[in-house]
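*Asks:* For reference, the file run_32.tsv (TSV, C-alpha atoms and all ligand atoms) is included below:
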chain	number	residue	atom	x	y	z
A	1	MET	CA	-8.61	-3.26	-22.00
A	2	LEU	CA	-6.65	-0.66	-20.12
A	3	GLU	CA	-3.30	-1.72	-21.55
A	4	ARG	CA	-4.37	-0.64	-25.06
A	5	GLY	CA	-2.94	2.79	-24.44
A	6	HIS	CA	0.42	1.63	-23.13
A	7	PRO	CA	3.34	0.46	-25.26
A	8	VAL	CA	4.67	-1.61	-22.36
A	9	TRP	CA	3.11	-2.57	-19.06
A	10	ALA	CA	3.44	-5.00	-16.16
A	11	GLU	CA	0.41	-7.07	-15.27
A	12	ILE	CA	0.26	-7.87	-11.58
A	13	ASP	CA	-2.10	-10.64	-10.54
A	14	LEU	CA	-3.21	-9.70	-7.04
A	15	GLY	CA	-5.19	-12.94	-6.81
A	16	ALA	CA	-1.89	-14.80	-7.21
A	17	ILE	CA	-0.34	-12.80	-4.36
A	18	ARG	CA	-3.30	-13.56	-2.08
A	19	HIS	CA	-3.10	-17.24	-3.05
A	20	ASN	CA	0.67	-17.41	-2.45
A	21	ILE	CA	0.30	-15.90	1.02
A	22	GLY	CA	-2.22	-18.66	1.75
A	23	GLU	CA	0.33	-21.25	0.61
A	24	LEU	CA	2.98	-19.76	2.89
A	25	ALA	CA	0.58	-19.69	5.82
A	26	LYS	CA	-0.11	-23.40	5.19
A	27	ALA	CA	3.62	-24.08	5.12
A	28	ALA	CA	4.10	-22.38	8.50
A	29	PRO	CA	1.07	-23.23	10.62
A	30	GLY	CA	1.14	-21.42	13.93
A	31	ALA	CA	3.35	-18.58	12.69
A	32	GLU	CA	2.22	-15.19	11.48
A	33	VAL	CA	3.13	-14.31	7.90
A	34	MET	CA	4.95	-11.02	7.32
A	35	GLY	CA	4.65	-9.87	3.70
A	36	VAL	CA	7.88	-8.23	2.57
A	37	VAL	CA	7.14	-5.26	0.30
A	38	LYS	CA	10.47	-3.44	0.20
A	39	GLY	CA	11.91	-2.46	-3.18
A	40	PHE	CA	8.46	-1.33	-4.46
A	41	GLY	CA	7.09	-4.75	-3.58
A	42	TYR	CA	9.93	-6.47	-5.49
A	43	GLY	CA	8.76	-4.39	-8.45
A	44	HIS	CA	5.12	-5.43	-8.18
A	45	GLY	CA	3.96	-2.19	-6.56
A	46	ASN	CA	4.24	-1.80	-2.80
A	47	ILE	CA	0.77	-0.58	-1.93
A	48	ALA	CA	-1.28	-2.98	-4.04
A	49	SER	CA	1.00	-5.88	-3.05
A	50	ALA	CA	0.75	-4.98	0.64
A	51	GLU	CA	-3.04	-4.81	0.44
A	52	ALA	CA	-3.22	-8.13	-1.40
A	53	MET	CA	-0.90	-9.76	1.15
A	54	LEU	CA	-2.97	-8.49	4.07
A	55	ASP	CA	-6.15	-9.65	2.29
A	56	GLY	CA	-4.53	-13.04	1.75
A	57	GLY	CA	-3.84	-13.44	5.47
A	58	ALA	CA	-0.52	-11.70	6.17
A	59	ALA	CA	-0.56	-10.13	9.64
A	60	ARG	CA	2.27	-7.66	9.14
A	61	LEU	CA	4.55	-6.09	6.55
A	62	GLY	CA	8.29	-5.63	6.20
A	63	VAL	CA	10.29	-2.90	4.45
A	64	ALA	CA	13.91	-1.77	4.36
A	65	ARG	CA	13.45	1.99	4.73
A	66	VAL	CA	11.34	4.44	6.69
A	67	ALA	CA	10.36	6.16	3.42
A	68	GLU	CA	8.88	2.87	2.21
A	69	ALA	CA	6.85	2.56	5.40
A	70	LEU	CA	5.72	6.19	5.12
A	71	HIS	CA	4.39	5.47	1.63
A	72	LEU	CA	2.33	2.56	2.98
A	73	ARG	CA	0.97	4.60	5.89
A	74	GLU	CA	0.06	7.45	3.54
A	75	ALA	CA	-1.98	4.92	1.54
A	76	GLY	CA	-3.95	4.17	4.70
A	77	ILE	CA	-2.32	0.85	5.58
A	78	GLY	CA	-2.58	0.35	9.34
A	79	ALA	CA	-0.98	-3.09	9.81
A	80	PRO	CA	2.28	-3.40	11.79
A	81	ILE	CA	5.21	-2.45	9.55
A	82	HIS	CA	8.71	-3.68	10.40
A	83	VAL	CA	11.71	-1.71	9.19
A	84	PHE	CA	14.58	-4.15	8.68
A	85	THR	CA	17.52	-1.75	8.93
A	86	GLU	CA	18.18	1.11	11.31
A	87	PRO	CA	17.78	4.51	9.65
A	88	PRO	CA	19.97	7.43	10.68
A	89	PRO	CA	19.09	8.35	14.31
A	90	GLU	CA	17.33	11.55	13.10
A	91	ALA	CA	14.47	9.37	11.77
A	92	ALA	CA	13.61	7.95	15.20
A	93	GLY	CA	10.82	10.48	15.87
A	94	LEU	CA	9.16	9.80	12.52
A	95	MET	CA	9.26	6.06	13.18
A	96	LEU	CA	7.31	6.65	16.37
A	97	GLU	CA	4.85	8.95	14.67
A	98	LEU	CA	4.22	6.33	12.02
A	99	ASP	CA	3.91	3.60	14.64
A	100	LEU	CA	6.57	1.43	12.95
A	101	VAL	CA	8.37	-1.58	14.39
A	102	PRO	CA	12.08	-0.74	14.29
A	103	ALA	CA	14.93	-3.21	14.06
A	104	VAL	CA	17.55	-2.25	16.61
A	105	TYR	CA	21.20	-3.30	16.74
A	106	THR	CA	23.26	-0.25	17.67
A	107	GLN	CA	23.38	1.79	20.83
A	108	ALA	CA	23.25	5.07	18.92
A	109	PHE	CA	19.94	4.22	17.31
A	110	ALA	CA	18.48	2.69	20.46
A	111	SER	CA	19.27	5.91	22.37
A	112	ALA	CA	17.68	8.02	19.65
A	113	LEU	CA	14.53	5.88	19.79
A	114	SER	CA	14.47	6.08	23.57
A	115	GLY	CA	14.78	9.88	23.40
A	116	ALA	CA	11.95	10.13	20.87
A	117	ALA	CA	9.78	7.75	22.89
A	118	CYS	CA	10.30	9.71	26.12
A	119	ALA	CA	9.54	13.00	24.36
A	120	ALA	CA	6.29	11.51	23.08
A	121	GLY	CA	5.47	9.85	26.40
A	122	ALA	CA	5.30	6.54	24.54
A	123	THR	CA	6.90	3.11	24.57
A	124	VAL	CA	8.30	1.78	21.31
A	125	PRO	CA	8.33	-1.99	20.64
A	126	VAL	CA	11.69	-2.87	19.07
A	127	HIS	CA	12.95	-6.06	17.48
A	128	LEU	CA	16.54	-6.79	18.43
A	129	LYS	CA	18.43	-7.98	15.38
A	130	LEU	CA	21.11	-10.61	16.02
A	131	ASP	CA	23.93	-11.38	13.61
A	132	THR	CA	24.05	-15.17	13.49
A	133	GLY	CA	26.51	-15.39	10.61
A	134	MET	CA	25.41	-13.38	7.60
A	135	HIS	CA	27.38	-10.36	8.84
A	136	ARG	CA	25.16	-7.75	7.22
A	137	VAL	CA	23.55	-6.02	10.19
A	138	GLY	CA	22.83	-7.21	13.72
A	139	VAL	CA	24.43	-7.54	17.15
A	140	MET	CA	27.46	-9.83	17.13
A	141	THR	CA	27.15	-12.81	19.48
A	142	GLU	CA	29.85	-11.58	21.85
A	143	ASP	CA	28.18	-8.15	22.16
A	144	VAL	CA	24.69	-9.44	22.99
A	145	PRO	CA	24.97	-9.18	26.82
A	146	GLU	CA	26.26	-5.61	26.71
A	147	VAL	CA	23.73	-4.39	24.11
A	148	LEU	CA	20.89	-6.05	26.00
A	149	SER	CA	21.80	-4.44	29.27
A	150	GLU	CA	22.04	-1.06	27.52
A	151	LEU	CA	18.64	-1.57	25.94
A	152	ARG	CA	17.10	-2.54	29.26
A	153	SER	CA	18.39	0.62	30.84
A	154	LEU	CA	16.82	2.88	28.21
A	155	PRO	CA	13.37	4.23	29.06
A	156	GLY	CA	10.59	4.03	26.47
A	157	ILE	CA	11.94	0.86	24.82
A	158	GLU	CA	10.32	-2.55	24.97
A	159	ILE	CA	12.07	-5.56	23.44
A	160	GLU	CA	9.08	-7.04	21.66
A	161	GLY	CA	11.03	-9.25	19.29
A	162	VAL	CA	14.35	-10.98	18.64
A	163	TRP	CA	15.29	-11.94	15.12
A	164	SER	CA	18.00	-12.77	12.63
A	165	HIS	CA	18.37	-13.44	8.90
A	166	LEU	CA	19.58	-16.55	7.08
A	167	ALA	CA	22.42	-16.41	4.57
A	168	THR	CA	22.07	-19.74	2.75
A	169	ALA	CA	18.45	-20.88	3.03
A	170	ASP	CA	18.05	-20.56	-0.75
A	171	VAL	CA	20.15	-23.73	-1.04
A	172	PRO	CA	18.00	-26.50	0.46
A	173	GLY	CA	19.89	-28.54	3.04
A	174	HIS	CA	22.81	-26.11	3.30
A	175	PRO	CA	24.57	-26.87	6.61
A	176	PHE	CA	25.10	-23.18	7.43
A	177	THR	CA	21.34	-22.67	7.79
A	178	HIS	CA	21.31	-25.17	10.63
A	179	LYS	CA	24.33	-23.53	12.21
A	180	GLN	CA	22.51	-20.19	12.19
A	181	LEU	CA	19.34	-21.81	13.52
A	182	GLU	CA	21.27	-23.40	16.41
A	183	LEU	CA	23.04	-20.16	17.29
A	184	PHE	CA	19.76	-18.23	17.12
A	185	SER	CA	18.02	-20.73	19.42
A	186	GLU	CA	20.95	-20.63	21.84
A	187	LEU	CA	20.95	-16.82	21.97
A	188	VAL	CA	17.18	-16.68	22.42
A	189	GLY	CA	17.50	-19.17	25.28
A	190	LYS	CA	20.13	-16.97	26.96
A	191	ILE	CA	18.06	-13.82	26.48
A	192	GLU	CA	15.09	-15.55	28.10
A	193	ARG	CA	17.23	-16.73	31.00
A	194	TRP	CA	18.26	-13.11	31.52
A	195	GLY	CA	14.61	-12.34	32.16
A	196	ILE	CA	13.53	-10.92	28.81
A	197	GLU	CA	10.68	-12.73	27.14
A	198	PRO	CA	10.26	-11.37	23.64
A	199	ARG	CA	6.77	-11.97	22.25
A	200	PHE	CA	8.11	-12.60	18.76
A	201	LYS	CA	11.10	-14.59	17.55
A	202	HIS	CA	11.69	-14.76	13.82
A	203	LEU	CA	14.28	-16.07	11.43
A	204	ALA	CA	12.70	-17.55	8.29
A	205	ASN	CA	12.60	-15.98	4.84
A	206	SER	CA	10.61	-17.60	1.98
A	207	ALA	CA	13.16	-20.37	1.50
A	208	ALA	CA	13.18	-21.37	5.16
A	209	THR	CA	9.40	-21.02	5.39
A	210	LEU	CA	9.11	-23.61	2.64
A	211	SER	CA	11.87	-25.96	3.69
A	212	VAL	CA	13.00	-25.52	7.32
A	213	PRO	CA	10.02	-25.93	9.70
A	214	GLU	CA	12.24	-25.56	12.80
A	215	SER	CA	12.99	-22.00	11.69
A	216	HIS	CA	9.38	-20.80	11.74
A	217	PHE	CA	9.14	-19.55	15.35
A	218	ASP	CA	6.42	-16.84	15.66
A	219	ILE	CA	6.70	-14.96	12.34
A	220	VAL	CA	7.87	-15.95	8.86
A	221	ARG	CA	9.10	-13.08	6.69
A	222	CYS	CA	8.17	-13.82	3.09
A	223	GLY	CA	9.01	-11.81	0.01
A	224	ILE	CA	9.87	-13.70	-3.15
A	225	ALA	CA	7.46	-16.62	-2.64
A	226	ALA	CA	4.59	-14.23	-1.96
A	227	TYR	CA	5.17	-12.93	-5.48
A	228	GLY	CA	5.01	-16.50	-6.75
A	229	LEU	CA	8.70	-17.04	-7.42
A	230	TRP	CA	10.96	-19.71	-5.95
A	231	PRO	CA	13.79	-18.56	-3.71
A	232	GLY	CA	16.23	-20.93	-5.38
A	233	ARG	CA	16.49	-24.30	-7.07
A	234	GLY	CA	15.01	-27.44	-5.58
A	235	PHE	CA	11.90	-25.97	-3.93
A	236	GLY	CA	9.57	-26.96	-6.78
A	237	PRO	CA	6.98	-29.27	-5.23
A	238	LEU	CA	6.89	-27.64	-1.80
A	239	ALA	CA	3.99	-25.28	-2.53
A	240	ASP	CA	1.67	-24.20	-5.31
A	241	LEU	CA	3.15	-20.79	-6.10
A	242	ARG	CA	1.74	-18.61	-8.86
A	243	PRO	CA	3.96	-15.92	-10.42
A	244	ALA	CA	2.23	-12.57	-10.03
A	245	MET	CA	4.09	-10.47	-12.60
A	246	ALA	CA	3.98	-10.51	-16.40
A	247	LEU	CA	5.76	-7.92	-18.54
A	248	LYS	CA	4.11	-7.19	-21.86
A	249	ALA	CA	4.48	-4.80	-24.78
A	250	ARG	CA	2.59	-4.03	-27.90
A	251	VAL	CA	4.37	-4.72	-31.20
A	252	ASN	CA	5.05	-1.35	-32.72
A	253	MET	CA	6.50	-1.39	-36.21
A	254	VAL	CA	6.42	-4.35	-38.59
A	255	LYS	CA	8.58	-4.43	-41.70
A	256	ALA	CA	9.92	-6.84	-44.28
A	257	LEU	CA	13.68	-6.69	-44.77
A	258	PRO	CA	15.90	-8.39	-47.32
A	259	ARG	CA	18.72	-10.79	-46.59
A	260	GLY	CA	21.95	-9.05	-45.58
A	261	GLU	CA	20.39	-6.21	-43.55
A	262	GLY	CA	21.63	-5.64	-40.01
A	263	LEU	CA	19.52	-4.81	-36.97
A	264	SER	CA	19.89	-2.33	-34.10
A	265	TYR	CA	22.99	-0.58	-32.75
A	266	GLY	CA	26.17	-2.12	-34.09
A	267	LEU	CA	24.21	-4.08	-36.74
A	268	LYS	CA	25.28	-7.20	-34.87
A	269	TYR	CA	22.30	-9.27	-36.03
A	270	GLU	CA	22.46	-9.81	-39.78
A	271	LEU	CA	19.49	-11.29	-41.63
A	272	ASP	CA	20.48	-14.42	-43.58
A	273	HIS	CA	17.04	-14.52	-45.18
A	274	THR	CA	14.27	-12.16	-46.19
A	275	ALA	CA	12.31	-11.70	-42.98
A	276	GLY	CA	9.63	-9.90	-41.11
A	277	VAL	CA	11.15	-7.78	-38.38
A	278	VAL	CA	9.07	-6.32	-35.59
A	279	THR	CA	9.98	-3.60	-33.15
A	280	ILE	CA	9.03	-4.06	-29.51
A	281	PRO	CA	8.74	-0.76	-27.64
A	282	ALA	CA	10.51	-1.87	-24.46
A	283	GLY	CA	14.15	-1.62	-23.52
A	284	TYR	CA	16.62	-1.47	-20.71
A	285	ALA	CA	14.89	1.61	-19.27
A	286	ASP	CA	11.94	-0.74	-18.71
A	287	GLY	CA	14.04	-3.28	-16.84
A	288	TYR	CA	14.57	-5.37	-19.98
A	289	ASP	CA	18.31	-5.84	-19.55
A	290	ARG	CA	20.67	-4.99	-22.39
A	291	ARG	CA	22.41	-8.33	-21.82
A	292	LEU	CA	19.29	-9.95	-23.30
A	293	SER	CA	20.56	-8.72	-26.69
A	294	GLY	CA	20.76	-11.80	-28.90
A	295	ARG	CA	19.88	-14.06	-25.93
A	296	GLY	CA	16.37	-13.46	-24.62
A	297	ASP	CA	13.16	-14.84	-26.07
A	298	VAL	CA	9.80	-13.12	-26.33
A	299	LEU	CA	6.41	-14.70	-26.94
A	300	ILE	CA	4.12	-13.50	-29.69
A	301	GLY	CA	0.97	-15.44	-30.49
A	302	GLY	CA	2.12	-18.23	-28.17
A	303	LYS	CA	5.40	-18.71	-30.08
A	304	ARG	CA	8.99	-18.00	-29.02
A	305	TYR	CA	11.17	-15.59	-30.97
A	306	GLY	CA	14.70	-14.49	-30.16
A	307	VAL	CA	15.71	-10.91	-29.42
A	308	SER	CA	17.53	-9.95	-32.63
A	309	GLY	CA	20.38	-7.52	-32.10
A	310	ALA	CA	20.96	-5.04	-29.33
A	311	VAL	CA	18.32	-4.09	-26.77
A	312	CYS	CA	18.12	-0.27	-26.84
A	313	MET	CA	16.90	1.97	-24.04
A	314	ASP	CA	13.27	1.92	-25.18
A	315	GLN	CA	13.03	-0.64	-27.98
A	316	PHE	CA	14.40	-3.84	-29.47
A	317	MET	CA	13.81	-5.87	-32.61
A	318	VAL	CA	12.70	-9.42	-33.27
A	319	ASP	CA	13.14	-11.43	-36.46
A	320	VAL	CA	9.83	-13.26	-36.94
A	321	GLY	CA	10.89	-14.97	-40.17
A	322	HIS	CA	7.92	-15.61	-42.42
A	323	ASP	CA	5.29	-15.43	-39.69
A	324	GLU	CA	2.52	-12.89	-39.96
A	325	VAL	CA	2.70	-10.56	-36.98
A	326	GLU	CA	0.63	-7.40	-36.93
A	327	ALA	CA	1.37	-4.07	-35.33
A	328	GLY	CA	-0.52	-3.98	-32.05
A	329	ALA	CA	0.03	-7.68	-31.28
A	330	THR	CA	0.96	-8.43	-27.68
A	331	ALA	CA	4.54	-9.50	-27.00
A	332	THR	CA	5.15	-11.22	-23.66
A	333	LEU	CA	8.61	-10.46	-22.32
A	334	LEU	CA	8.01	-12.16	-18.97
A	335	GLY	CA	5.11	-14.50	-18.32
A	336	ARG	CA	2.89	-16.92	-20.20
A	337	ASP	CA	1.39	-16.89	-23.66
A	338	GLY	CA	-0.45	-20.07	-24.56
A	339	GLY	CA	1.70	-23.06	-23.70
A	340	GLU	CA	4.93	-21.04	-23.55
A	341	HIS	CA	6.35	-19.33	-20.46
A	342	VAL	CA	9.26	-16.94	-20.19
A	343	THR	CA	10.13	-17.18	-16.52
A	344	ALA	CA	11.95	-14.71	-14.30
A	345	GLU	CA	14.52	-17.49	-13.75
A	346	GLU	CA	15.09	-17.81	-17.50
A	347	LEU	CA	15.70	-14.06	-17.86
A	348	ALA	CA	17.89	-14.09	-14.74
A	349	GLY	CA	19.94	-16.93	-16.21
A	350	HIS	CA	20.65	-14.93	-19.37
A	351	ILE	CA	21.89	-11.90	-17.49
A	352	GLY	CA	23.68	-13.56	-14.60
A	353	THR	CA	21.39	-12.59	-11.76
A	354	ILE	CA	18.51	-13.96	-9.67
A	355	ASN	CA	14.74	-13.79	-10.22
A	356	TYR	CA	14.46	-11.23	-7.38
A	357	GLU	CA	16.36	-8.68	-9.43
A	358	VAL	CA	14.41	-9.31	-12.64
A	359	THR	CA	11.09	-8.14	-11.17
A	360	THR	CA	12.54	-5.54	-8.81
A	361	ARG	CA	14.27	-3.74	-11.67
A	362	VAL	CA	11.08	-3.02	-13.62
A	363	PRO	CA	11.02	0.74	-13.04
A	364	SER	CA	8.19	3.10	-12.23
A	365	ARG	CA	7.81	4.31	-15.84
A	366	VAL	CA	6.25	0.94	-16.65
A	367	PRO	CA	2.58	1.15	-15.65
A	368	ARG	CA	1.35	-1.64	-13.38
A	369	LEU	CA	-2.03	-3.04	-14.37
A	370	TYR	CA	-3.56	-4.81	-11.42
A	371	LEU	CA	-5.62	-7.89	-12.16
A	372	ASN	CA	-8.03	-9.63	-9.81
A	373	ARG	CA	-8.42	-6.78	-7.37
A	374	ARG	CA	-11.03	-7.75	-4.84
B	401	LIG	C1	15.53	-9.15	6.64
B	401	LIG	C2	14.77	-9.82	5.56
B	401	LIG	N1	13.81	-10.69	5.87
B	401	LIG	C3	13.09	-11.32	4.92
B	401	LIG	C4	13.32	-11.09	3.58
B	401	LIG	C5	12.51	-11.82	2.55
B	401	LIG	O1	13.30	-12.70	1.84
B	401	LIG	P1	12.68	-13.59	0.66
B	401	LIG	O2	12.29	-12.62	-0.41
B	401	LIG	O3	13.78	-14.49	0.26
B	401	LIG	O4	11.49	-14.26	1.23
B	401	LIG	C6	14.31	-10.19	3.22
B	401	LIG	C7	14.61	-9.97	1.80
B	401	LIG	O5	15.69	-9.95	1.33
B	401	LIG	C8	15.05	-9.53	4.22
B	401	LIG	O6	16.02	-8.65	3.93
As structure tokens, please, write out the structure in this file.

*Replies:*
Amino acid sequence: MLERGHPVWAEIDLGAIRHNIGELAKAAPGAEVMGVVKGFGYGHGNIASAEAMLDGGAARLGVARVAEALHLREAGIGAPIHVFTEPPPEAAGLMLELDLVPAVYTQAFASALSGAACAAGATVPVHLKLDTGMHRVGVMTEDVPEVLSELRSLPGIEIEGVWSHLATADVPGHPFTHKQLELFSELVGKIERWGIEPRFKHLANSAATLSVPESHFDIVRCGIAAYGLWPGRGFGPLADLRPAMALKARVNMVKALPRGEGLSYGLKYELDHTAGVVTIPAGYADGYDRRLSGRGDVLIGGKRYGVSGAVCMDQFMVDVGHDEVEAGATATLLGRDGGEHVTAEELAGHIGTINYEVTTRVPSRVPRLYLNRR
């Protein structure tokens, strides 16, 4: 196996990503699925994830930055790529060259796009982003008429889409989601009455795709669920999602230590028995958070063991008691081993974050081993 040469690696099941996209498409019949691959594909690898999503039935991709889109284009990916936030106006020309679908919400950026489009003798399809309450980016409700009339007056710009983003869809039944949905529908209605008929309206993220059918419109933008993780609590039975990432390491040093010895920086873990102690060659530089010191569990041979003492940058230790563990054994830091499963939610709970951050923080020094490539 390839992983033999790596002390730590992330296994990415591309078959799971394809399957999850199929589940999301089933949840939103009639809508196109956009696979969100920003943040290095939530840590799973942007190019392989994008390809698996497209193979699984996604029609388009979404990223946060032009550089992320460039990376996908350089890999030969030709599908429509949406860029969720406006870059500095200087990037307008490159967006055209790369045939990207820009989000637009400021006049400065719209003018830059228009200038670039005219220079290229092209028309750029933009998606007008509305702020329906999250207050991150987007046109405020009261500014919509003015921004629209400015956009209409700019040559080389076609309003292909109108969209917004939900702030609370991760909490099923949250009343604010319905407030945003109502405002979005009202604004879309007004825009259509003003004579603009955008081909695409979109609002739903994974959570809304799974739980708010009225939010599906023409495109659903799915990230976390495509990687097989739930967007929050209470979504459990709504789809058959399969987590795509596992984080594994190979047990490095094995030693027997007497009672009374301390482990790792600060010697905070003190052995109250003679024990086998193994060193796992993964640490916070691999996305294995230091706050897992004394809290996290790893799986070795299908059994749970606690992280014993401080997680270092590249290594941590585990007290395996009297169990026989050999150097070279596989330790699962995230994922399944036998009947046990360390989930991204479990790790997130220990360190006070969400599953999104757990996978996204696995850095590039950790090799990704792709399983079930087609
Ligand atoms: C604008 C936008 N749409 C869709 C998504 C996908 O969200 P999720 O991963 O919850 O499906 C994101 C991710 O944060 C986003 O920023």

*Asks:* Just the number, please: distance in Å from atom CA of A:Cys222 to atom CA of A:Leu128, one decimal.

*Replies:*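 Separation of atom CA of A:Cys222 and atom CA of A:Leu128: 18.8 Å.
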
*Asks:* Residues at most 7 Å from ligand LIG 401 (chain B), using only C-alpha atoms and all ligand atoms? Could they come as a ChimeraX atom specification?

*Replies:* /A:36,84,165,205-207,221-225,231

*Asks:* Compare A:His174, A:Arg304, A:His216, A:Arg65 by their minimum atom-to-atom distance to A:Gly339, counting all atoms listed in the file, and give me the closest one.

*Replies:* A:Arg304

*Asks:* So the first atom is atom CA of A:Leu98 and the second is atom CA of A:Ala119; what is the distance between them in Å, to one decimal place?

*Replies:*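 Computing the Euclidean distance for atom CA of A:Leu98 and atom CA of A:Ala119 yields 15.0 Å.
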
*Asks:* Excluding A:Ala344 and any residue of its chain fewer than 2 positions from it, enumerate the residues within 9 Å of it, using only C-alpha atoms, and give them as a CSV table (one decimal) with C-alpha atoms, keeping the file's coordinate frame.

*Replies:*
chain,number,residue,atom,x,y,z
A,229,LEU,CA,8.7,-17.0,-7.4
A,243,PRO,CA,4.0,-15.9,-10.4
A,334,LEU,CA,8.0,-12.2,-19.0
A,335,GLY,CA,5.1,-14.5,-18.3
A,342,VAL,CA,9.3,-16.9,-20.2
A,346,GLU,CA,15.1,-17.8,-17.5
A,347,LEU,CA,15.7,-14.1,-17.9
A,348,ALA,CA,17.9,-14.1,-14.7
A,349,GLY,CA,19.9,-16.9,-16.2
A,354,ILE,CA,18.5,-14.0,-9.7
A,355,ASN,CA,14.7,-13.8,-10.2
A,356,TYR,CA,14.5,-11.2,-7.4
A,357,GLU,CA,16.4,-8.7,-9.4
A,358,VAL,CA,14.4,-9.3,-12.6
A,359,THR,CA,11.1,-8.1,-11.2

*Asks:* Within 6 Å of stretch 275-293 of chain A, which residues of stretch 309-328 of chain A come that close, and what is the closest atom pair and distance in Å for each? Count only C-alpha atoms and give it as a Markdown table.

*Replies:*
| residue | atom | partner | partner_atom | distance |
| --- | --- | --- | --- | --- |
| A:Gly309 | CA | A:Ser293 | CA | 5.5 |
| A:Ala310 | CA | A:Ser293 | CA | 4.5 |
| A:Val311 | CA | A:Arg290 | CA | 5.1 |
| A:Cys312 | CA | A:Gly283 | CA | 5.3 |
| A:Met313 | CA | A:Gly283 | CA | 4.6 |
| A:Asp314 | CA | A:Gly283 | CA | 4.0 |
| A:Gln315 | CA | A:Pro281 | CA | 4.3 |
| A:Phe316 | CA | A:Ile280 | CA | 5.4 |
| A:Met317 | CA | A:Thr279 | CA | 4.5 |
| A:Val318 | CA | A:Val278 | CA | 5.3 |
| A:Asp319 | CA | A:Val277 | CA | 4.6 |
| A:Val320 | CA | A:Gly276 | CA | 5.4 |
| A:Gly321 | CA | A:Ala275 | CA | 4.5 |
| A:His322 | CA | A:Ala275 | CA | 5.9 |

*Asks:* So how far away is atom CA of A:Lys268 from atom CA of A:His350, in Å?

*Replies:*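 Separation of atom CA of A:His350 and atom CA of A:Lys268: 17.9 Å.
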
*Asks:* Give me the residues near A:Gln180 as a ChimeraX atom specification, where near means some atom within 10 Å (using all atoms listed in the file) and where sequence neighbours in that chain fewer than 6 positions away do not count.

*Replies:* /A:131-134,164-168,186,203,215

*Asks:* Nearest to A:Tyr105 among A:Ala92, A:Ala246, A:Met140, A:Ala75, with distances taken over only C-alpha atoms: which residue is it?

*Replies:*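 Using only C-alpha atoms, A:Tyr105 sits closest to A:Met140.
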
*Asks:* Could you pull out every residue with an atom within 9 Å of (12.8, -1.1, 6.4), file coordinates, counting all atoms listed in the file, and send them as a list in words?

*Replies:*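 Selection result: Lys38, Gly62, Val63, Ala64, Arg65, Val66, Ala67, Glu68, Ala69, Ile81, His82, Val83, Phe84, Thr85, Glu86, Pro87, Pro102 and Ala103 of chain A.
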
*Asks:* Next, the residues of the selection above should be written as an mmCIF file, in the coordinates of the input with C-alpha atoms.

*Replies:*
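Wrote selection.cif, looks like this:
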data_model
loop_
_atom_site.group_PDB
_atom_site.id
_atom_site.type_symbol
_atom_site.label_atom_id
_atom_site.label_comp_id
_atom_site.auth_asym_id
_atom_site.auth_seq_id
_atom_site.Cartn_x
_atom_site.Cartn_y
_atom_site.Cartn_z
ATOM 1 C CA LYS A 38 10.470 -3.440 0.200
ATOM 2 C CA GLY A 62 8.290 -5.630 6.200
ATOM 3 C CA VAL A 63 10.290 -2.900 4.450
ATOM 4 C CA ALA A 64 13.910 -1.770 4.360
ATOM 5 C CA ARG A 65 13.450 1.990 4.730
ATOM 6 C CA VAL A 66 11.340 4.440 6.690
ATOM 7 C CA ALA A 67 10.360 6.160 3.420
ATOM 8 C CA GLU A 68 8.880 2.870 2.210
ATOM 9 C CA ALA A 69 6.850 2.560 5.400
ATOM 10 C CA ILE A 81 5.210 -2.450 9.550
ATOM 11 C CA HIS A 82 8.710 -3.680 10.400
ATOM 12 C CA VAL A 83 11.710 -1.710 9.190
ATOM 13 C CA PHE A 84 14.580 -4.150 8.680
ATOM 14 C CA THR A 85 17.520 -1.750 8.930
ATOM 15 C CA GLU A 86 18.180 1.110 11.310
ATOM 16 C CA PRO A 87 17.780 4.510 9.650
ATOM 17 C CA PRO A 102 12.080 -0.740 14.290
ATOM 18 C CA ALA A 103 14.930 -3.210 14.060
#

*Asks:* I'd like the contact shell of A:His6 - 9 Å cut-off, all atoms listed in the file, skipping same-chain residues fewer than 6 positions apart - returned as a ChimeraX atom specification.

*Replies:* /A:249-250,366-367

*Asks:* When you look at A:Val212 with a cut-off of 10 Å (counting all atoms listed in the file), what residues show up, excluding the ones that are within fewer than 4 positions of it in the same chain? I need them as an MDAnalysis selection string.

*Replies:* chainID A and resid 27:28 169 172:173 177:178 181 204:208 216

*Asks:* May I have the selected residues written with C-alpha atoms, as a PDB file, keeping the file's coordinate frame?

*Replies:*
ATOM      1  CA  ALA A  27       3.620 -24.080   5.120  1.00  0.00           C
ATOM      2  CA  ALA A  28       4.100 -22.380   8.500  1.00  0.00           C
ATOM      3  CA  ALA A 169      18.450 -20.880   3.030  1.00  0.00           C
ATOM      4  CA  PRO A 172      18.000 -26.500   0.460  1.00  0.00           C
ATOM      5  CA  GLY A 173      19.890 -28.540   3.040  1.00  0.00           C
ATOM      6  CA  THR A 177      21.340 -22.670   7.790  1.00  0.00           C
ATOM      7  CA  HIS A 178      21.310 -25.170  10.630  1.00  0.00           C
ATOM      8  CA  LEU A 181      19.340 -21.810  13.520  1.00  0.00           C
ATOM      9  CA  ALA A 204      12.700 -17.550   8.290  1.00  0.00           C
ATOM     10  CA  ASN A 205      12.600 -15.980   4.840  1.00  0.00           C
ATOM     11  CA  SER A 206      10.610 -17.600   1.980  1.00  0.00           C
ATOM     12  CA  ALA A 207      13.160 -20.370   1.500  1.00  0.00           C
ATOM     13  CA  ALA A 208      13.180 -21.370   5.160  1.00  0.00           C
ATOM     14  CA  HIS A 216       9.380 -20.800  11.740  1.00  0.00           C
TER      15      HIS A 216
END
